[in-house]
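The file target.txt comes next; it holds compact mmCIF, C-alpha atoms.
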```txt
# COMPACT_ATOMS: atom_id res chain seq x y z
CA MET A 2 -6.23 -15.92 11.60
CA ASN A 3 -9.14 -13.67 10.70
CA ARG A 4 -12.21 -15.48 11.96
CA GLU A 5 -14.36 -14.13 9.16
CA THR A 6 -12.62 -16.56 6.80
CA ARG A 7 -14.14 -20.03 6.32
CA MET A 8 -12.16 -22.67 4.46
CA THR A 9 -13.31 -25.72 2.52
CA ASN A 10 -10.73 -27.78 0.61
CA GLY A 11 -8.43 -24.80 0.43
CA GLU A 12 -11.00 -22.36 -0.98
CA SER A 13 -12.02 -19.31 1.01
CA THR A 14 -15.50 -17.87 1.29
CA VAL A 15 -15.42 -14.49 3.01
CA ALA A 16 -18.41 -12.50 4.17
CA THR A 17 -16.60 -9.43 5.49
CA GLN A 18 -12.88 -8.98 5.82
CA ASP A 19 -10.55 -6.02 5.59
CA PHE A 20 -7.15 -6.69 4.07
CA SER A 21 -4.22 -5.12 2.26
CA PHE A 22 -2.45 -7.06 -0.48
CA LEU A 23 1.07 -6.11 -1.59
CA HIS A 24 2.94 -7.36 -4.61
CA SER A 25 5.66 -5.33 -6.31
CA ALA A 26 7.02 -7.73 -8.98
CA ARG A 27 6.16 -6.54 -12.49
CA GLN A 28 6.36 -9.75 -14.50
CA VAL A 29 6.84 -13.49 -13.93
CA ILE A 30 7.90 -15.61 -16.90
CA HIS A 31 7.96 -19.41 -16.83
CA ALA A 32 9.70 -21.16 -19.72
CA VAL A 33 11.97 -24.12 -20.26
CA GLY A 34 15.12 -22.44 -21.57
CA GLY A 35 13.79 -19.13 -20.27
CA ILE A 36 17.32 -17.84 -19.75
CA GLY A 37 17.32 -17.20 -23.50
CA ARG A 38 14.75 -14.43 -22.96
CA ILE A 39 17.46 -12.18 -21.52
CA GLY A 40 18.95 -11.37 -24.94
CA PRO A 41 15.73 -10.22 -26.65
CA LEU A 42 14.78 -8.33 -23.48
CA ALA A 43 18.06 -6.41 -23.52
CA LYS A 44 17.83 -5.75 -27.25
CA GLU A 45 14.21 -4.54 -27.18
CA ARG A 46 14.90 -2.12 -24.35
CA GLY A 47 18.26 -0.89 -25.63
CA LEU A 48 20.15 -2.21 -22.60
CA ARG A 49 23.85 -2.46 -23.38
CA SER A 50 25.64 -2.97 -20.06
CA ILE A 51 24.85 -6.19 -18.20
CA VAL A 52 26.18 -7.35 -14.87
CA CYS A 53 25.37 -10.93 -13.97
CA VAL A 54 25.48 -11.63 -10.24
CA ILE A 55 25.90 -15.38 -10.27
CA ASP A 56 26.19 -18.12 -7.69
CA ARG A 57 29.82 -19.24 -7.55
CA PHE A 58 28.61 -22.82 -8.19
CA PHE A 59 27.98 -21.79 -11.82
CA SER A 60 31.00 -19.52 -12.23
CA GLY A 61 33.19 -20.34 -15.24
CA GLY A 62 30.91 -23.12 -16.46
CA SER A 63 28.51 -23.72 -19.33
CA LEU A 64 25.90 -21.37 -17.90
CA GLU A 65 28.34 -18.47 -17.93
CA ALA A 66 29.36 -19.34 -21.50
CA ARG A 67 25.69 -19.37 -22.52
CA LEU A 68 25.15 -15.93 -21.01
CA ARG A 69 28.14 -14.53 -22.89
CA GLU A 70 26.60 -15.79 -26.14
CA ILE A 71 23.25 -14.25 -25.23
CA ALA A 72 24.83 -10.88 -24.48
CA ALA A 73 26.90 -10.89 -27.66
CA ALA A 74 23.82 -11.65 -29.78
CA ALA A 75 22.05 -8.69 -28.15
CA GLY A 76 25.00 -6.37 -28.79
CA ALA A 77 25.61 -5.90 -25.07
CA ARG A 78 28.71 -6.23 -22.94
CA ILE A 79 28.48 -8.48 -19.90
CA VAL A 80 30.59 -8.84 -16.78
CA PHE A 81 30.18 -11.41 -14.03
CA HIS A 82 30.34 -11.07 -10.29
CA ALA A 83 30.33 -14.39 -8.43
CA VAL A 84 29.05 -14.68 -4.88
CA SER A 85 29.32 -17.58 -2.47
CA GLY A 86 26.39 -19.99 -2.45
CA GLY A 87 26.28 -19.74 1.35
CA GLU A 88 24.10 -17.28 3.21
CA ALA A 89 25.04 -13.74 2.18
CA ASP A 90 26.54 -11.33 4.70
CA THR A 91 27.16 -7.60 4.64
CA ASP A 92 30.70 -8.09 3.25
CA THR A 93 29.22 -10.13 0.38
CA VAL A 94 26.76 -7.33 -0.37
CA ALA A 95 29.43 -4.61 -0.16
CA ALA A 96 31.64 -6.48 -2.64
CA CYS A 97 28.69 -6.92 -4.98
CA ARG A 98 27.86 -3.22 -4.71
CA ASP A 99 31.45 -2.30 -5.59
CA ALA A 100 31.30 -4.53 -8.67
CA LEU A 101 28.06 -2.87 -9.79
CA VAL A 102 29.49 0.62 -9.27
CA GLN A 103 32.48 -0.22 -11.43
CA ALA A 104 30.38 -1.66 -14.26
CA THR A 105 27.57 0.94 -14.29
CA PRO A 106 24.97 -1.56 -15.55
CA ASP A 107 21.59 -0.80 -17.05
CA LEU A 108 20.62 -4.48 -16.74
CA ILE A 109 21.40 -6.58 -13.66
CA VAL A 110 20.78 -10.31 -13.96
CA ALA A 111 20.83 -12.31 -10.71
CA ILE A 112 21.12 -16.09 -11.03
CA GLY A 113 21.32 -18.50 -8.11
CA GLY A 114 19.67 -19.46 -4.85
CA GLY A 115 17.88 -17.10 -2.53
CA SER A 116 21.04 -15.74 -0.90
CA THR A 117 22.56 -14.81 -4.25
CA LEU A 118 19.37 -13.06 -5.32
CA ASP A 119 19.13 -11.24 -1.98
CA ALA A 120 22.74 -10.05 -2.26
CA ALA A 121 22.06 -8.63 -5.72
CA LYS A 122 18.82 -6.97 -4.59
CA VAL A 123 20.39 -5.17 -1.65
CA ALA A 124 23.59 -4.25 -3.55
CA ARG A 125 21.53 -2.68 -6.33
CA MET A 126 19.60 -0.55 -3.81
CA LEU A 127 22.91 0.79 -2.48
CA LEU A 128 23.63 2.27 -5.92
CA ALA A 129 20.74 4.71 -5.46
CA ASN A 130 20.98 4.92 -1.67
CA PRO A 131 24.74 5.17 -0.99
CA GLY A 132 26.24 4.38 2.37
CA PRO A 133 27.05 1.32 4.46
CA VAL A 134 24.98 -1.80 3.91
CA GLU A 135 23.45 -1.61 7.40
CA ALA A 136 22.10 1.90 6.76
CA ILE A 137 19.26 0.67 4.54
CA ALA A 138 18.29 -2.29 6.74
CA GLY A 139 14.78 -2.36 8.15
CA ALA A 140 11.28 -1.93 6.81
CA GLY A 141 9.29 1.17 6.03
CA LYS A 142 12.26 3.27 4.93
CA ALA A 143 11.81 5.54 1.92
CA MET A 144 14.41 4.42 -0.61
CA GLN A 145 15.21 5.75 -4.04
CA PRO A 146 14.81 3.32 -6.94
CA HIS A 147 17.73 2.56 -9.22
CA ALA A 148 17.35 3.08 -12.95
CA SER A 149 18.64 -0.40 -13.88
CA LEU A 150 16.38 -3.30 -14.77
CA LEU A 151 16.72 -6.21 -12.35
CA VAL A 152 15.95 -9.70 -13.68
CA ALA A 153 16.10 -12.66 -11.28
CA LEU A 154 16.43 -16.32 -12.23
CA PRO A 155 16.22 -18.70 -9.25
CA THR A 156 18.14 -21.96 -9.46
CA THR A 157 16.36 -23.41 -6.42
CA ALA A 158 12.67 -23.65 -5.56
CA GLY A 159 12.85 -22.13 -2.12
CA SER A 160 12.99 -18.56 -0.90
CA GLY A 161 10.93 -16.89 -3.63
CA ALA A 162 13.48 -14.06 -3.57
CA GLU A 163 12.75 -13.46 -7.26
CA VAL A 164 9.38 -11.88 -6.38
CA SER A 165 9.92 -10.79 -2.78
CA GLU A 166 10.52 -7.23 -1.67
CA SER A 167 12.46 -8.56 1.32
CA ALA A 168 16.01 -9.82 1.79
CA ILE A 169 17.84 -11.33 4.76
CA ILE A 170 21.56 -10.63 5.12
CA SER A 171 23.85 -11.67 7.99
CA LYS A 172 25.92 -8.94 9.61
CA SER A 173 29.57 -9.84 9.09
CA GLY A 174 31.38 -10.70 12.32
CA ALA A 175 28.20 -10.76 14.41
CA GLU A 176 25.50 -13.27 15.31
CA LEU A 177 22.82 -11.09 13.77
CA LYS A 178 20.64 -11.18 10.68
CA LEU A 179 19.47 -7.95 9.07
CA ILE A 180 16.12 -7.70 7.31
CA PHE A 181 15.79 -5.39 4.31
CA ARG A 182 12.40 -4.54 2.87
CA SER A 183 11.31 -2.14 0.17
CA PRO A 184 9.08 -2.48 -2.91
CA GLU A 185 11.89 -0.79 -4.84
CA MET A 186 14.09 -3.84 -4.14
CA THR A 187 11.86 -6.38 -5.89
CA PRO A 188 13.16 -7.67 -9.24
CA GLN A 189 11.04 -6.22 -12.03
CA ILE A 190 11.14 -9.52 -13.93
CA ALA A 191 11.41 -13.06 -12.59
CA ILE A 192 12.24 -15.86 -15.03
CA LEU A 193 11.43 -19.38 -13.84
CA ASP A 194 13.52 -21.75 -15.96
CA PRO A 195 13.42 -25.36 -14.74
CA GLU A 196 16.58 -26.21 -16.65
CA LEU A 197 18.52 -24.05 -14.17
CA ALA A 198 17.29 -26.14 -11.24
CA VAL A 199 18.22 -29.64 -12.42
CA SER A 200 21.81 -29.35 -11.19
CA ALA A 201 20.77 -28.59 -7.60
CA PRO A 202 22.05 -31.32 -5.26
CA ALA A 203 19.41 -33.41 -3.50
CA LYS A 204 20.20 -31.79 -0.14
CA VAL A 205 19.74 -28.30 -1.59
CA THR A 206 16.50 -29.35 -3.30
CA ALA A 207 15.14 -30.73 -0.02
CA GLU A 208 16.15 -27.85 2.24
CA SER A 209 15.21 -25.03 -0.12
CA GLY A 210 11.98 -26.85 -0.97
CA PHE A 211 11.01 -27.15 2.68
CA ASP A 212 11.62 -23.42 3.01
CA ALA A 213 8.96 -22.94 0.33
CA VAL A 214 6.66 -25.40 2.13
CA THR A 215 7.06 -23.33 5.29
CA HIS A 216 6.32 -20.10 3.42
CA ALA A 217 3.16 -21.58 1.93
CA LEU A 218 1.85 -23.10 5.14
CA GLU A 219 2.66 -20.17 7.42
CA ALA A 220 1.16 -17.67 4.97
CA TYR A 221 -1.96 -19.84 4.67
CA VAL A 222 -2.64 -19.96 8.42
CA SER A 223 -1.34 -16.47 9.25
CA ASN A 224 -3.45 -13.92 11.08
CA HIS A 225 -2.92 -11.71 8.02
CA ALA A 226 -4.09 -14.31 5.50
CA SER A 227 -6.74 -12.97 3.13
CA PRO A 228 -8.79 -13.93 0.08
CA MET A 229 -5.90 -12.60 -2.01
CA THR A 230 -3.15 -14.61 -0.30
CA ASP A 231 -5.00 -17.88 0.37
CA PRO A 232 -5.18 -19.04 -3.28
CA PHE A 233 -1.44 -18.44 -3.78
CA ALA A 234 -0.52 -20.17 -0.51
CA TRP A 235 -2.84 -23.14 -1.08
CA SER A 236 -1.74 -23.67 -4.68
CA ALA A 237 1.89 -23.58 -3.55
CA LEU A 238 1.35 -26.05 -0.72
CA ALA A 239 -0.57 -28.47 -2.92
CA ALA A 240 2.08 -28.38 -5.67
CA LEU A 241 4.97 -28.84 -3.26
CA ALA A 242 3.29 -31.75 -1.48
CA ARG A 243 3.04 -33.56 -4.82
CA TRP A 244 6.12 -32.48 -6.75
CA LEU A 245 8.86 -31.72 -4.22
CA PRO A 246 9.51 -35.40 -3.37
CA ILE A 247 9.74 -36.13 -7.11
CA SER A 248 12.26 -33.30 -7.60
CA TYR A 249 14.25 -34.74 -4.71
CA ARG A 250 14.25 -38.31 -6.10
CA GLU A 251 14.40 -37.47 -9.82
CA PRO A 252 16.38 -34.23 -10.18
CA ARG A 253 16.16 -34.09 -13.97
CA ASP A 254 12.34 -34.24 -14.06
CA LEU A 255 11.61 -30.87 -15.66
CA ALA A 256 7.88 -31.03 -14.90
CA ALA A 257 8.59 -31.50 -11.20
CA ARG A 258 11.16 -28.71 -11.23
CA SER A 259 8.68 -26.40 -12.98
CA HIS A 260 5.89 -27.06 -10.50
CA CYS A 261 8.24 -26.46 -7.57
CA LEU A 262 9.64 -23.20 -8.99
CA ILE A 263 6.12 -21.89 -9.61
CA ALA A 264 5.04 -22.98 -6.12
CA ALA A 265 7.97 -21.24 -4.43
CA CYS A 266 7.11 -18.09 -6.37
CA GLN A 267 3.44 -18.32 -5.35
CA ALA A 268 4.36 -18.89 -1.71
CA ALA A 269 6.51 -15.75 -1.72
CA ILE A 270 3.70 -13.69 -3.25
CA ALA A 271 1.46 -14.95 -0.43
CA PHE A 272 3.85 -14.26 2.45
CA ASN A 273 4.74 -10.83 1.13
CA SER A 274 1.31 -9.76 2.44
CA ALA A 275 0.29 -12.52 4.86
CA HIS A 276 3.70 -12.72 6.56
CA LEU A 277 4.92 -15.84 8.37
CA GLY A 278 4.89 -17.40 11.84
CA LEU A 279 6.70 -19.21 14.63
CA ALA A 280 8.76 -21.49 12.38
CA HIS A 281 10.47 -18.43 10.92
CA ALA A 282 10.73 -16.86 14.37
CA LEU A 283 12.79 -19.92 15.34
CA SER A 284 14.71 -20.49 12.11
CA ALA A 285 16.20 -16.97 12.14
CA PRO A 286 18.06 -17.44 15.47
CA LEU A 287 18.87 -21.03 14.48
CA GLY A 288 20.83 -19.49 11.63
CA ALA A 289 22.30 -16.54 13.52
CA LEU A 290 23.24 -18.36 16.74
CA PHE A 291 23.84 -21.94 15.58
CA HIS A 292 24.67 -21.53 11.87
CA VAL A 293 21.84 -23.77 10.67
CA GLY A 294 20.84 -23.15 7.04
CA HIS A 295 17.51 -21.37 6.72
CA GLY A 296 15.59 -24.12 4.92
CA LEU A 297 16.89 -26.79 7.27
CA GLY A 298 16.01 -24.61 10.25
CA ASN A 299 12.42 -24.43 9.06
CA ALA A 300 12.34 -28.20 8.54
CA LEU A 301 13.59 -28.79 12.08
CA VAL A 302 10.77 -26.82 13.72
CA LEU A 303 7.74 -26.60 11.39
CA PRO A 304 6.05 -29.88 12.46
CA ALA A 305 6.36 -28.92 16.16
CA VAL A 306 5.15 -25.37 15.49
CA THR A 307 2.17 -26.76 13.58
CA ALA A 308 1.35 -29.18 16.41
CA PHE A 309 1.20 -26.12 18.71
CA ASN A 310 -1.07 -24.28 16.24
CA GLU A 311 -3.44 -27.18 15.52
CA PRO A 312 -6.05 -26.35 18.21
CA VAL A 313 -6.88 -23.07 16.43
CA LEU A 314 -6.55 -24.05 12.75
CA GLY A 315 -10.16 -25.20 12.32
CA GLU A 316 -11.21 -25.96 8.75
CA LYS A 317 -7.87 -24.84 7.42
CA GLY A 318 -6.20 -27.47 9.56
CA GLN A 319 -8.59 -30.14 8.26
CA ALA A 320 -7.85 -29.10 4.68
CA ILE A 321 -4.08 -29.26 5.25
CA ALA A 322 -4.29 -32.70 6.88
CA ALA A 323 -6.39 -34.02 3.99
CA LEU A 324 -3.98 -32.55 1.44
CA LEU A 325 -1.02 -34.20 3.15
CA GLY A 326 -2.87 -37.50 3.63
CA ALA A 327 -2.56 -37.52 7.42
CA VAL A 328 -4.72 -37.36 10.52
CA THR A 329 -3.22 -34.02 11.56
CA PRO A 330 -1.35 -31.28 9.67
CA SER A 331 1.78 -31.76 11.80
CA ALA A 332 1.88 -35.51 11.09
CA GLY A 333 1.55 -34.77 7.37
CA LEU A 334 4.44 -32.32 7.53
CA ALA A 335 6.54 -34.86 9.42
CA ARG A 336 5.91 -37.40 6.68
CA LEU A 337 6.79 -34.94 3.92
CA ARG A 338 9.93 -33.97 5.81
CA ALA A 339 10.95 -37.61 6.18
CA GLU A 340 10.45 -38.18 2.43
CA LEU A 341 13.06 -35.47 1.86
CA GLY A 342 15.64 -36.92 4.23
CA LEU A 343 15.13 -34.07 6.70
CA ASP A 344 13.85 -35.97 9.75
CA ILE A 345 16.63 -34.62 11.95
CA GLY A 346 16.38 -33.72 15.62
CA LEU A 347 17.18 -30.24 16.87
CA ASP A 348 19.62 -31.76 19.38
CA GLN A 349 22.09 -32.35 16.55
CA PHE A 350 22.57 -28.58 16.30
CA VAL A 351 21.50 -27.31 19.73
CA PRO A 352 22.63 -30.08 22.09
CA ASP A 353 22.37 -28.40 25.51
CA ARG A 354 19.67 -26.81 27.65
CA ARG A 355 21.35 -23.40 27.70
CA GLY A 356 21.33 -23.31 23.89
CA ARG A 357 17.67 -24.30 23.75
CA GLU A 358 16.78 -21.57 26.22
CA ALA A 359 18.73 -19.01 24.16
CA LEU A 360 16.91 -20.16 21.02
CA ALA A 361 13.47 -19.78 22.61
CA LEU A 362 14.32 -16.35 24.04
CA ALA A 363 15.63 -15.12 20.68
CA ALA A 364 12.53 -16.39 18.87
CA MET A 365 10.30 -14.39 21.24
CA LYS A 366 11.81 -11.17 19.83
CA SER A 367 10.55 -11.89 16.30
CA GLY A 368 7.89 -9.75 14.68
CA GLN A 369 6.42 -12.94 13.24
CA LEU A 370 4.89 -13.88 16.63
CA ARG A 371 1.91 -11.60 16.11
CA MET A 372 1.27 -13.12 12.66
CA ASN A 373 1.06 -16.65 14.04
CA PRO A 374 -2.52 -17.97 14.40
CA ARG A 375 -1.97 -18.83 18.07
CA LEU A 376 -0.34 -16.47 20.54
CA ALA A 377 2.81 -18.02 22.02
CA SER A 378 4.36 -17.35 25.42
CA LEU A 379 7.97 -18.10 26.31
CA ASP A 380 6.79 -21.33 27.95
CA ASP A 381 5.00 -22.27 24.72
CA MET A 382 8.13 -21.56 22.70
CA GLN A 383 10.22 -23.69 25.01
CA ARG A 384 7.74 -26.57 24.66
CA ILE A 385 7.90 -26.24 20.86
CA VAL A 386 11.68 -26.44 21.03
CA GLU A 387 11.45 -29.53 23.26
CA ALA A 388 9.07 -31.20 20.79
CA ALA A 389 11.58 -30.63 17.97
CA ARG A 390 14.57 -32.17 19.72
CA ALA A 391 14.49 -35.70 18.27
CA PRO A 392 13.62 -37.34 14.93
CA ILE A 393 9.96 -38.44 14.82
CA GLY A 394 9.66 -40.28 11.50
CA THR A 395 6.12 -39.87 10.17
CA GLN A 396 4.45 -39.33 13.57
CA ARG A 397 2.91 -36.23 15.07
CA PRO A 398 5.51 -34.33 17.16
CA PRO A 399 5.33 -35.01 20.91
CA PHE A 400 4.04 -31.54 21.78
CA ARG A 401 2.62 -31.23 25.31
CA GLU A 402 -0.46 -29.02 25.68
```
For this file, produce the structure as structure tokens.
Amino acid sequence: MNRETRMTNGESTVATQDFSFLHSARQVIHAVGGIGRIGPLAKERGLRSIVCVIDRFFSGGSLEARLREIAAAAGARIVFHAVSGGEADTDTVAACRDALVQATPDLIVAIGGGSTLDAAKVARMLLANPGPVEAIAGAGKAMQPHASLLVALPTTAGSGAEVSESAIISKSGAELKLIFRSPEMTPQIAILDPELAVSAPAKVTAESGFDAVTHALEAYVSNHASPMTDPFAWSALAALARWLPISYREPRDLAARSHCLIAACQAAIAFNSAHLGLAHALSAPLGALFHVGHGLGNALVLPAVTAFNEPVLGEKGQAIAALLGAVTPSAGLARLRAELGLDIGLDQFVPDRRGREALALAAMKSGQLRMNPRLASLDDMQRIVEAARAPIGTQRPPFRE
């Protein structure tokens, strides 16, 4: 991390530090029943053709019926395109693009988890940048904006896709994940409605929530952390430490759901500029090579990654440990993980030495390595993987220095 930054209880005091802060979302709305804002929004702006890209979990149910009522009241026509709740691939995106082309929408509403939102974001970009899905993958490409308004409503507190200019899509038929990044891809409006999150199963709440925890923590300790990102990352981490276990145990607690949705959004705003670290370097190949869900992948490795980072975390590490009520940050993360039923060893998914070696090698190719506060060698990565192999309860991971 930038050594000019000094941390006390999560607050930064900076003498001299250069930084660049990026955030391309236009508006974030939080409201219980916020889905009802779509109708007035469409009416005020004269939007008459709506496509709702919706998680298949909600397809044909009361949520879809509610959206039809909202569109009718606004004098707009609405069509639905359902996508699988699993991680989106290039075939998913191509099908979504085809549905958008056919409907010619001026308002696109994306409702679901991070994969659903990512599919809608990339499919919409293909309307203005035609060609195969893979052609617009990567970062730093000049892409044309599309004239439609994109509104995103997350149903899980996890990826922060509703305010992120990035998306991750698997390449169909290959063990490869493609990263898409452009400020033109960010939803112009994010609506955080806790009523949409109460139906999330406990497992989804836990895994998506730990994804948000990982975003907050890795952005907070990143080499690219700054006075602009630290407050977002710290606020997110503090809220998730308190409210995520409540959301997990009491799914209909709207206050807990609200705090977690806001925290996931804040964490995404932070990592959009601060980037991430070794946990994400490992969770990407865990998904691509071993088909481990992204949030679960982060939960499997974050305590071990943090144990590796602890020698360089300084006052930030002390603040994290105090926040989590533990002697070390990694022990605090292990305890939070255990509260969410995620104390699972890596061996359950990567049971042999050859697989562990492949995982470490793949992680070393990630661009997130240079964002991590401590430089990692291949030997370091292999030791992190070893430390993540077995459940540890609420203890510090057995990382060997």
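As for atom CA of A:Glu176 and atom CA of A:Ala359, they are spaced 12.5 Å apart.
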For A:Ala138, please output as a list in words all residues within 7 Å (counting only C-alpha atoms; exclusion window: fewer than 4 positions along the same chain). Leu179, Ile180 and Phe181 of chain A
Just how far from atom CA of A:Leu303 is atom CA of A:Glu219, in Å to one decimal? 9.1 Å
Show me the residues close to (9.2, -39.4, 12.8) - anything with an atom within 12 Å, counting all atoms listed in the file - and format the list as a count of residues only. 30
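Near stretch 250-258 of chain A, within a cut-off of 8 Å and counting all atoms listed in the file, sit the residues Ala158, Pro195, Glu196, Ala198, Val199, Ser200, Ala201, Ala203, Trp244, Leu245, Pro246 and Leu262 of chain A, with same-chain residues fewer than 4 positions away left out.
Proximity of A:Thr206, A:Asn273, A:Asn373, A:Gln189 to A:Met229, computed with all atoms listed in the file, is greatest for A:Asn273.
Minimum distance to A:Ile247 across A:Ala217, A:Leu341, A:Ala140, A:Ala175 (counting all atoms listed in the file) occurs at A:Leu341.
Atom CA of A:Gln383 sits 11.0 Å away from atom CA of A:Ala363.
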So that I can see what lies close to A:Leu101, please list as a VMD selection string the residues with an atom at most 12 Å from it, counting all atoms listed in the file and leaving out residues fewer than 2 positions away in the same chain. chain A and resid 50 to 54 79 to 83 94 to 99 103 to 111 120 to 129 147 149
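Proximity ranking of A:Leu241, A:Val293, A:Val152, A:Leu68 relative to A:Gly87 places A:Val293 first, based on all atoms listed in the file.
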Show me as number ranges by chain the residues that reach within 9 Å of (6.6, -17.7, 8.3), counting all atoms listed in the file and using the file's own coordinates. A: 215-220, 223, 272, 275-282, 299, 369, 372-373
Between A:Ile30, A:Leu42, A:Ala162, A:Ile170, smallest distance to A:Thr93 by only C-alpha atoms belongs to A:Ile170
Using all atoms listed in the file: which of A:Asp380, A:Glu88, A:Glu65, A:Glu311 has the shortest distance to A:Ser171: A:Glu88
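In this comparison, which uses all atoms listed in the file, the residue of A:Phe309, A:Trp235, A:Phe20, A:Phe350 approaching A:Ala269 most closely is A:Trp235.
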For stretch 289-305 of chain A, which lacks atoms in the input, supply N, CA and C atoms and format the output as a short mmCIF file (atom, residue, chain, number, x, y, z; two decimals), keeping the file's coordinate frame.
```cif
data_model
loop_
_atom_site.label_atom_id
_atom_site.label_comp_id
_atom_site.auth_asym_id
_atom_site.auth_seq_id
_atom_site.Cartn_x
_atom_site.Cartn_y
_atom_site.Cartn_z
N ALA A 289 21.40 -17.54 12.97
CA ALA A 289 22.30 -16.54 13.52
C ALA A 289 23.15 -17.09 14.66
N LEU A 290 22.54 -17.89 15.54
CA LEU A 290 23.24 -18.36 16.74
C LEU A 290 23.92 -19.71 16.56
N PHE A 291 23.34 -20.57 15.69
CA PHE A 291 23.84 -21.94 15.58
C PHE A 291 24.24 -22.33 14.16
N HIS A 292 24.18 -21.36 13.24
CA HIS A 292 24.67 -21.53 11.87
C HIS A 292 23.97 -22.67 11.14
N VAL A 293 22.67 -22.80 11.38
CA VAL A 293 21.84 -23.77 10.67
C VAL A 293 21.27 -23.09 9.43
N GLY A 294 21.40 -23.72 8.26
CA GLY A 294 20.84 -23.15 7.04
C GLY A 294 19.35 -22.88 7.19
N HIS A 295 18.87 -21.85 6.50
CA HIS A 295 17.51 -21.37 6.72
C HIS A 295 16.45 -22.44 6.41
N GLY A 296 16.58 -23.10 5.26
CA GLY A 296 15.59 -24.12 4.92
C GLY A 296 15.60 -25.28 5.90
N LEU A 297 16.79 -25.71 6.29
CA LEU A 297 16.89 -26.79 7.27
C LEU A 297 16.32 -26.35 8.61
N GLY A 298 16.57 -25.11 8.99
CA GLY A 298 16.01 -24.61 10.25
C GLY A 298 14.50 -24.69 10.26
N ASN A 299 13.87 -24.32 9.15
CA ASN A 299 12.42 -24.43 9.06
C ASN A 299 11.97 -25.88 9.16
N ALA A 300 12.70 -26.78 8.50
CA ALA A 300 12.34 -28.20 8.54
C ALA A 300 12.44 -28.75 9.95
N LEU A 301 13.42 -28.30 10.72
CA LEU A 301 13.59 -28.79 12.08
C LEU A 301 12.41 -28.45 12.98
N VAL A 302 11.77 -27.30 12.75
CA VAL A 302 10.77 -26.82 13.72
C VAL A 302 9.34 -26.78 13.20
N LEU A 303 9.11 -26.81 11.89
CA LEU A 303 7.74 -26.60 11.39
C LEU A 303 6.74 -27.64 11.91
N PRO A 304 7.05 -28.95 11.92
CA PRO A 304 6.05 -29.88 12.46
C PRO A 304 5.68 -29.57 13.92
N ALA A 305 6.66 -29.24 14.76
CA ALA A 305 6.36 -28.92 16.16
C ALA A 305 5.56 -27.63 16.28
#
```
